[in-house]
Amino acid sequence: MKILIKNAQICSEKEVSSPCDVFVDNGIIEEVGQKLSAPSDARVIDGKGKLLMPAMFDTHVHFREPGQTHKEDIQSGSEAAINGGITGIVMMPNTCPAIDSPTIVRDLLDKAKQVSRINVYTSGCVSKGRKGKELAAIHGMKEEGVLMLTDDGDTLDDPSLYKKAMEYATEFGMFFASHCETPCLSGPRAMNEGKKSYELGIEGSPAISEEICMDRDIRLAHATGAHLHIQHVSSGIGVKTIKFWKEMGARVTAEVCPHHLIFNEGDIGDYDTNFKMNPPLRTAEDNAMLLQGLKDDIFDIISTDHAPHTDFEKKSVDFISAPNGITGLETALVSLYHAFVKKGDLDWPLVVRKFSAEPRRMMQLPPVPIEKGGAAEFLLFDPESQTTFTKEFFQSKSINSPYIDQTLDGEIQLVLLGDEVLLERGV
């Protein structure tokens, strides 16, 4: 397969180039330059006015396999990722059964090789069954390729067990990811504690639930020398906490999700369960502090926390009883452009760095810049086009999205991985 993309601007971690041409032959970028000639057997794509950038990578997704494949499975989740310009993902281990042994890891990764067109990785549990009582089979999972350990969705109430895990797994080059929550403060509750929760008559979850656990877990990591990654930060004080510990020398990284940057408790409206998630949407002031934290490099990466649920689960019960979580793989990049890049609040190099390069580095993988001699793993984005997120648009089995039936500016028109065109529309 030979493809010549003409007159597109290339986005890297550092800059957006002047319009140029990119020639791909058999999955390798053979040439980047001006006025390149196309071989007679090459396909030519007009990239004028469009942006060519490395494909995204998401370190926080829930594919619900094994155990809840009516919501999502590896195949459907992978296709959803492609639809959003993402060519690599890391699955969370809060499945049924939990991903806590080398056998389960091996079976899932073998399945992924059969059904997925993108690169699929998985995290593993810290504790057996995510019960917080005894360590999972950490070394065995490492032998199968697991790097990230997390009891995602469950907090390890016993700090001595977490400390033991950190001391043990750090020797193997593994790191930890924490879903920060203090259960006695946070649940079971349905939204941020504040003015809006009082208006709606719903018992709220205060931001301190997240912040207390965050501080505890970072202190444990700092004491043991472990690398700790803080997941889906939602509060402004959380940003300050991470900044403090980074300045103290802790090996801490952190992520922010598009929905926590864009939405807040005021968007819940008339008990719309598509805005119910954990941690919950907080305030407009928190939005602003999270965005500034992304600009100031307090946040190392962007992730989606893609959390699919069926319509029946989300819509057949009241707001309090509905499960937490929204889908994000298919909407993340377009929503970031629509909300921030188009308005100048973020630039493309930052998005490429935080949503493509740094997530790969965290997983000990090389970035995929668009340069001569490199493997082709990129997307073509049209800022002048639009995307309408209809039910038919989504490739996920679940459509619990705040963007359902909305139209946003920007469109992913091409996704290329090696010698395979994974996605093509509008070109």
# chains A, B, ... in the order shown; residues from 1 in each chain; ligands from 1
>>> closest_atom_pairs(of="range 329-380 of chain A", to="range 51-65 of chain A", cutoff="7 Å", atoms="only C-alpha atoms", output="Markdown table")
| residue | atom | partner | partner_atom | distance |
| --- | --- | --- | --- | --- |
| A:Val352 | CA | A:Pro54 | CA | 7.0 |
| A:Phe355 | CA | A:Met56 | CA | 5.6 |
| A:Ser356 | CA | A:Met56 | CA | 4.3 |
| A:Pro359 | CA | A:Phe57 | CA | 6.2 |
| A:Arg360 | CA | A:Phe57 | CA | 6.6 |
| A:Val368 | CA | A:Pro54 | CA | 5.9 |
| A:Pro369 | CA | A:Pro54 | CA | 5.8 |
| A:Ile370 | CA | A:Pro54 | CA | 6.5 |
| A:Glu377 | CA | A:Ala55 | CA | 5.8 |
| A:Phe378 | CA | A:Pro54 | CA | 4.2 |
| A:Leu379 | CA | A:Ala55 | CA | 5.5 |
| A:Leu380 | CA | A:Leu52 | CA | 4.6 |
>>> write_last_selection(atoms="N, CA and C atoms", output="CSV table (one decimal), in the first residue's frame")
chain,number,residue,atom,x,y,z
A,352,VAL,N,-1.0,16.6,21.4
A,352,VAL,CA,-0.2,15.5,20.9
A,352,VAL,C,0.7,15.0,22.0
A,355,PHE,N,-1.7,13.4,24.9
A,355,PHE,CA,-2.7,12.3,24.6
A,355,PHE,C,-2.1,11.3,23.6
A,356,SER,N,-0.8,11.5,23.2
A,356,SER,CA,-0.2,10.5,22.3
A,356,SER,C,1.2,10.1,22.8
A,359,PRO,N,1.5,9.3,27.1
A,359,PRO,CA,0.9,8.1,27.5
A,359,PRO,C,1.8,6.9,27.1
A,360,ARG,N,2.3,6.9,25.9
A,360,ARG,CA,3.1,5.8,25.4
A,360,ARG,C,4.4,5.7,26.2
A,368,VAL,N,5.2,8.0,18.5
A,368,VAL,CA,5.1,7.7,17.0
A,368,VAL,C,5.1,9.0,16.2
A,369,PRO,N,6.2,9.7,16.2
A,369,PRO,CA,6.2,11.0,15.5
A,369,PRO,C,6.1,10.7,14.0
A,370,ILE,N,5.6,11.7,13.2
A,370,ILE,CA,5.5,11.6,11.8
A,370,ILE,C,6.8,12.1,11.2
A,377,GLU,N,1.7,5.7,12.0
A,377,GLU,CA,0.7,5.5,13.0
A,377,GLU,C,0.1,6.9,13.3
A,378,PHE,N,-0.8,7.3,12.4
A,378,PHE,CA,-1.2,8.7,12.5
A,378,PHE,C,-2.7,8.9,12.1
A,379,LEU,N,-3.2,10.1,12.3
A,379,LEU,CA,-4.6,10.4,11.9
A,379,LEU,C,-4.6,11.7,11.2
A,380,LEU,N,-5.6,11.9,10.4
A,380,LEU,CA,-5.8,13.1,9.6
A,380,LEU,C,-7.0,13.8,10.2
>>> closest_atom_pairs(of="range 300-379 of chain A", to="range 91-99 of chain A", cutoff="12 Å", atoms="only C-alpha atoms", output="tab-separated table")
residue	atom	partner	partner_atom	distance
A:Ser303	CA	A:Met91	CA	11.8
A:Thr304	CA	A:Met91	CA	11.5
A:Asp305	CA	A:Met92	CA	9.1
A:His306	CA	A:Met91	CA	9.6
A:Ala307	CA	A:Met92	CA	10.0
>>> write_last_selection(atoms="N, CA and C atoms", output="JSON list (two decimals), in the first residue's frame")
[["chain", "number", "residue", "atom", "x", "y", "z"],
["A", 303, "SER", "N", -6.47, 11.12, 29.51],
["A", 303, "SER", "CA", -7.06, 9.81, 29.28],
["A", 303, "SER", "C", -8.57, 9.96, 29.29],
["A", 304, "THR", "N", -9.29, 8.91, 28.87],
["A", 304, "THR", "CA", -10.75, 9.06, 28.75],
["A", 304, "THR", "C", -11.54, 8.46, 29.89],
["A", 305, "ASP", "N", -11.00, 7.45, 30.58],
["A", 305, "ASP", "CA", -11.80, 6.67, 31.54],
["A", 305, "ASP", "C", -13.08, 6.16, 30.86],
["A", 306, "HIS", "N", -12.93, 5.66, 29.64],
["A", 306, "HIS", "CA", -14.05, 5.12, 28.86],
["A", 306, "HIS", "C", -14.77, 4.05, 29.67],
["A", 307, "ALA", "N", -16.03, 4.32, 30.03],
["A", 307, "ALA", "CA", -16.77, 3.45, 30.95],
["A", 307, "ALA", "C", -18.17, 3.18, 30.39]]
>>> residues_around(residues="Gly201 in chain A", least_positions_apart="3", cutoff="12 Å", atoms="only C-alpha atoms", output="list in words")
Arg189, Ala190, Met191, Asn192, Glu193, Gly194, Lys195, Lys196, Ser197, Tyr198, Gly204, Asp270, Tyr271, Phe319 and Ile320 of chain A
>>> select_by_dssp(residues="range 230-424 of chain A", states="helix (DSSP H, G or I)", output="PyMOL selection string")
chain A and resi 236-247+258-262+265-268+273-275+284-295+311-315+332-341+348-362
>>> atom_distance(atom1="CA of Lys372 in chain A", atom2="CA of Trp348 in chain A")
20.7 Å
>>> residues_around(residues="Gly84 in chain A", least_positions_apart="6", cutoff="12 Å", atoms="only C-alpha atoms", output="PyMOL selection string")
chain A and resi 55-58+77-78+304+306+327-336+355+378-381+387+389+393-396+410-415+422-424
>>> closest_atom_pairs(of="range 330-364 of chain A", to="range 278-291 of chain A", cutoff="10 Å", atoms="only C-alpha atoms", output="Markdown table")
| residue | atom | partner | partner_atom | distance |
| --- | --- | --- | --- | --- |
| A:Phe340 | CA | A:Leu291 | CA | 9.4 |
| A:Asp345 | CA | A:Leu291 | CA | 8.6 |
| A:Leu346 | CA | A:Leu291 | CA | 8.8 |
>>> select_by_dssp(residues="range 186-323 of chain A", states="strand (DSSP E or B)", output="mmCIF file with N, CA and C atoms, in the first residue's frame")
data_model
loop_
_atom_site.group_PDB
_atom_site.id
_atom_site.type_symbol
_atom_site.label_atom_id
_atom_site.label_comp_id
_atom_site.auth_asym_id
_atom_site.auth_seq_id
_atom_site.Cartn_x
_atom_site.Cartn_y
_atom_site.Cartn_z
ATOM 1 N N MET A 191 -23.270 12.606 43.068
ATOM 2 C CA MET A 191 -22.732 13.786 42.394
ATOM 3 C C MET A 191 -21.909 14.597 43.386
ATOM 4 N N ASN A 192 -21.324 15.681 42.912
ATOM 5 C CA ASN A 192 -20.518 16.532 43.764
ATOM 6 C C ASN A 192 -21.366 17.163 44.869
ATOM 7 N N GLY A 204 -24.437 14.445 48.171
ATOM 8 C CA GLY A 204 -23.264 14.612 47.339
ATOM 9 C C GLY A 204 -22.004 13.995 47.911
ATOM 10 N N SER A 205 -21.019 13.817 47.014
ATOM 11 C CA SER A 205 -19.695 13.320 47.385
ATOM 12 C C SER A 205 -18.722 14.494 47.389
ATOM 13 N N LEU A 228 3.760 6.409 41.270
ATOM 14 C CA LEU A 228 2.314 6.381 41.416
ATOM 15 C C LEU A 228 1.684 7.307 40.395
ATOM 16 N N HIS A 229 0.675 6.789 39.708
ATOM 17 C CA HIS A 229 -0.070 7.580 38.739
ATOM 18 C C HIS A 229 -1.468 7.836 39.289
ATOM 19 N N ILE A 230 -1.868 9.109 39.365
ATOM 20 C CA ILE A 230 -3.180 9.472 39.893
ATOM 21 C C ILE A 230 -4.161 9.563 38.733
ATOM 22 N N VAL A 252 5.405 10.952 41.039
ATOM 23 C CA VAL A 252 3.976 10.952 40.810
ATOM 24 C C VAL A 252 3.671 11.547 39.440
ATOM 25 N N THR A 253 2.792 10.872 38.708
ATOM 26 C CA THR A 253 2.226 11.404 37.481
ATOM 27 C C THR A 253 0.718 11.466 37.657
ATOM 28 N N ALA A 254 0.062 12.164 36.731
ATOM 29 C CA ALA A 254 -1.386 12.332 36.892
ATOM 30 C C ALA A 254 -2.041 12.522 35.538
ATOM 31 N N GLU A 255 -3.342 12.199 35.516
ATOM 32 C CA GLU A 255 -4.114 12.340 34.285
ATOM 33 C C GLU A 255 -5.355 13.175 34.537
ATOM 34 N N VAL A 256 -5.838 13.791 33.465
ATOM 35 C CA VAL A 256 -7.114 14.489 33.497
ATOM 36 C C VAL A 256 -7.923 14.002 32.304
ATOM 37 N N ILE A 301 -0.683 13.396 31.402
ATOM 38 C CA ILE A 301 -1.383 12.807 30.273
ATOM 39 C C ILE A 301 -2.878 13.139 30.316
ATOM 40 N N ILE A 302 -3.505 12.943 29.170
ATOM 41 C CA ILE A 302 -4.956 12.960 29.036
ATOM 42 C C ILE A 302 -5.410 11.524 28.831
ATOM 43 N N HIS A 306 -12.930 5.661 29.640
ATOM 44 C CA HIS A 306 -14.046 5.116 28.858
ATOM 45 C C HIS A 306 -14.766 4.051 29.673
#
>>> atom_distance(atom1="CA of Gln386 in chain A", atom2="CA of Thr407 in chain A")
6.6 Å
>>> closest_residue(among="A:Phe263, A:Phe312, A:Phe176, A:Tyr337", to="Lys71 in chain A", atoms="only C-alpha atoms")
A:Phe312
>>> residues_around(residues="range 17-20 of chain A", least_positions_apart="3", cutoff="9 Å", atoms="only C-alpha atoms", output="ChimeraX atom specification")
/A:5-12,32-36,47-51
>>> atom_distance(atom1="CA of Leu185 in chain A", atom2="CA of Gly67 in chain A")
28.9 Å
>>> closest_residue(among="A:Asp297, A:Asp73, A:Glu144, A:Glu13", to="Asp100 in chain A", atoms="only C-alpha atoms")
A:Glu144
>>> residues_around(residues="Glu371 in chain A", least_positions_apart="2", cutoff="9 Å", atoms="only C-alpha atoms", output="list in words")
Val22, Ile29, Glu30, Glu31, Val32, Val368, Pro369, Gly373, Gly374, Ala375 and Ala376 of chain A
>>> residues_around(residues="His139 in chain A", least_positions_apart="6", cutoff="12 Å", atoms="only C-alpha atoms", output="PyMOL selection string")
chain A and resi 100-102+124-126+145-149+165+168-174
>>> decode(residues="range 244-327 of chain A", atoms="C-alpha atoms", output="tab-separated table (two decimals), in the first residue's frame")
chain	number	residue	atom	x	y	z
A	244	PHE	CA	3.16	19.98	45.89
A	245	TRP	CA	4.29	16.37	45.82
A	246	LYS	CA	6.05	16.75	42.50
A	247	GLU	CA	8.01	19.64	43.99
A	248	MET	CA	8.80	17.40	46.99
A	249	GLY	CA	10.38	14.89	44.63
A	250	ALA	CA	7.69	12.21	44.67
A	251	ARG	CA	7.53	9.97	41.60
A	252	VAL	CA	3.98	10.95	40.81
A	253	THR	CA	2.23	11.40	37.48
A	254	ALA	CA	-1.39	12.33	36.89
A	255	GLU	CA	-4.11	12.34	34.29
A	256	VAL	CA	-7.11	14.49	33.50
A	257	CYS	CA	-10.12	13.43	31.44
A	258	PRO	CA	-11.88	15.59	28.83
A	259	HIS	CA	-15.20	15.36	30.67
A	260	HIS	CA	-13.71	16.80	33.86
A	261	LEU	CA	-12.18	19.65	31.84
A	262	ILE	CA	-15.34	20.47	29.91
A	263	PHE	CA	-18.36	19.69	32.10
A	264	ASN	CA	-19.32	20.55	35.67
A	265	GLU	CA	-22.18	19.91	38.08
A	266	GLY	CA	-24.30	22.54	36.38
A	267	ASP	CA	-24.51	20.40	33.26
A	268	ILE	CA	-26.39	17.61	35.01
A	269	GLY	CA	-29.62	19.51	34.44
A	270	ASP	CA	-32.72	17.40	34.85
A	271	TYR	CA	-31.04	14.35	36.37
A	272	ASP	CA	-29.27	13.34	33.13
A	273	THR	CA	-27.41	10.11	33.95
A	274	ASN	CA	-25.01	10.67	31.04
A	275	PHE	CA	-23.35	13.20	33.33
A	276	LYS	CA	-23.05	10.81	36.26
A	277	MET	CA	-19.51	9.56	36.85
A	278	ASN	CA	-16.95	8.85	39.55
A	279	PRO	CA	-15.25	11.06	40.52
A	280	PRO	CA	-18.21	13.33	39.88
A	281	LEU	CA	-18.29	16.51	37.87
A	282	ARG	CA	-17.41	19.34	40.20
A	283	THR	CA	-17.55	23.13	39.74
A	284	ALA	CA	-16.69	25.64	37.03
A	285	GLU	CA	-13.82	26.79	39.25
A	286	ASP	CA	-12.49	23.24	39.27
A	287	ASN	CA	-12.74	23.16	35.45
A	288	ALA	CA	-10.54	26.24	35.24
A	289	MET	CA	-7.94	24.87	37.68
A	290	LEU	CA	-7.80	21.52	35.88
A	291	LEU	CA	-7.25	23.26	32.55
A	292	GLN	CA	-4.48	25.40	34.02
A	293	GLY	CA	-2.94	22.28	35.54
A	294	LEU	CA	-2.82	20.73	32.08
A	295	LYS	CA	-1.14	23.81	30.63
A	296	ASP	CA	1.34	23.95	33.52
A	297	ASP	CA	2.35	20.28	33.12
A	298	ILE	CA	0.93	19.27	36.48
A	299	PHE	CA	-0.98	16.72	34.42
A	300	ASP	CA	1.25	14.40	32.47
A	301	ILE	CA	-1.38	12.81	30.27
A	302	ILE	CA	-4.96	12.96	29.04
A	303	SER	CA	-7.06	9.81	29.28
A	304	THR	CA	-10.75	9.06	28.75
A	305	ASP	CA	-11.80	6.67	31.54
A	306	HIS	CA	-14.05	5.12	28.86
A	307	ALA	CA	-16.77	3.45	30.95
A	308	PRO	CA	-19.58	1.94	28.87
A	309	HIS	CA	-23.00	1.03	30.30
A	310	THR	CA	-26.14	-0.07	28.52
A	311	ASP	CA	-29.16	2.17	28.01
A	312	PHE	CA	-31.15	-0.09	30.31
A	313	GLU	CA	-28.67	0.41	33.15
A	314	LYS	CA	-28.38	4.16	32.67
A	315	LYS	CA	-31.94	5.10	31.83
A	316	SER	CA	-34.28	2.63	33.49
A	317	VAL	CA	-33.42	3.73	37.02
A	318	ASP	CA	-33.22	7.02	38.90
A	319	PHE	CA	-30.11	9.19	38.92
A	320	ILE	CA	-28.89	7.92	42.28
A	321	SER	CA	-29.21	4.25	41.30
A	322	ALA	CA	-27.68	4.55	37.81
A	323	PRO	CA	-24.10	3.29	37.40
A	324	ASN	CA	-21.23	5.76	37.21
A	325	GLY	CA	-19.37	6.33	33.98
A	326	ILE	CA	-19.54	7.64	30.43
A	327	THR	CA	-17.96	6.58	27.17
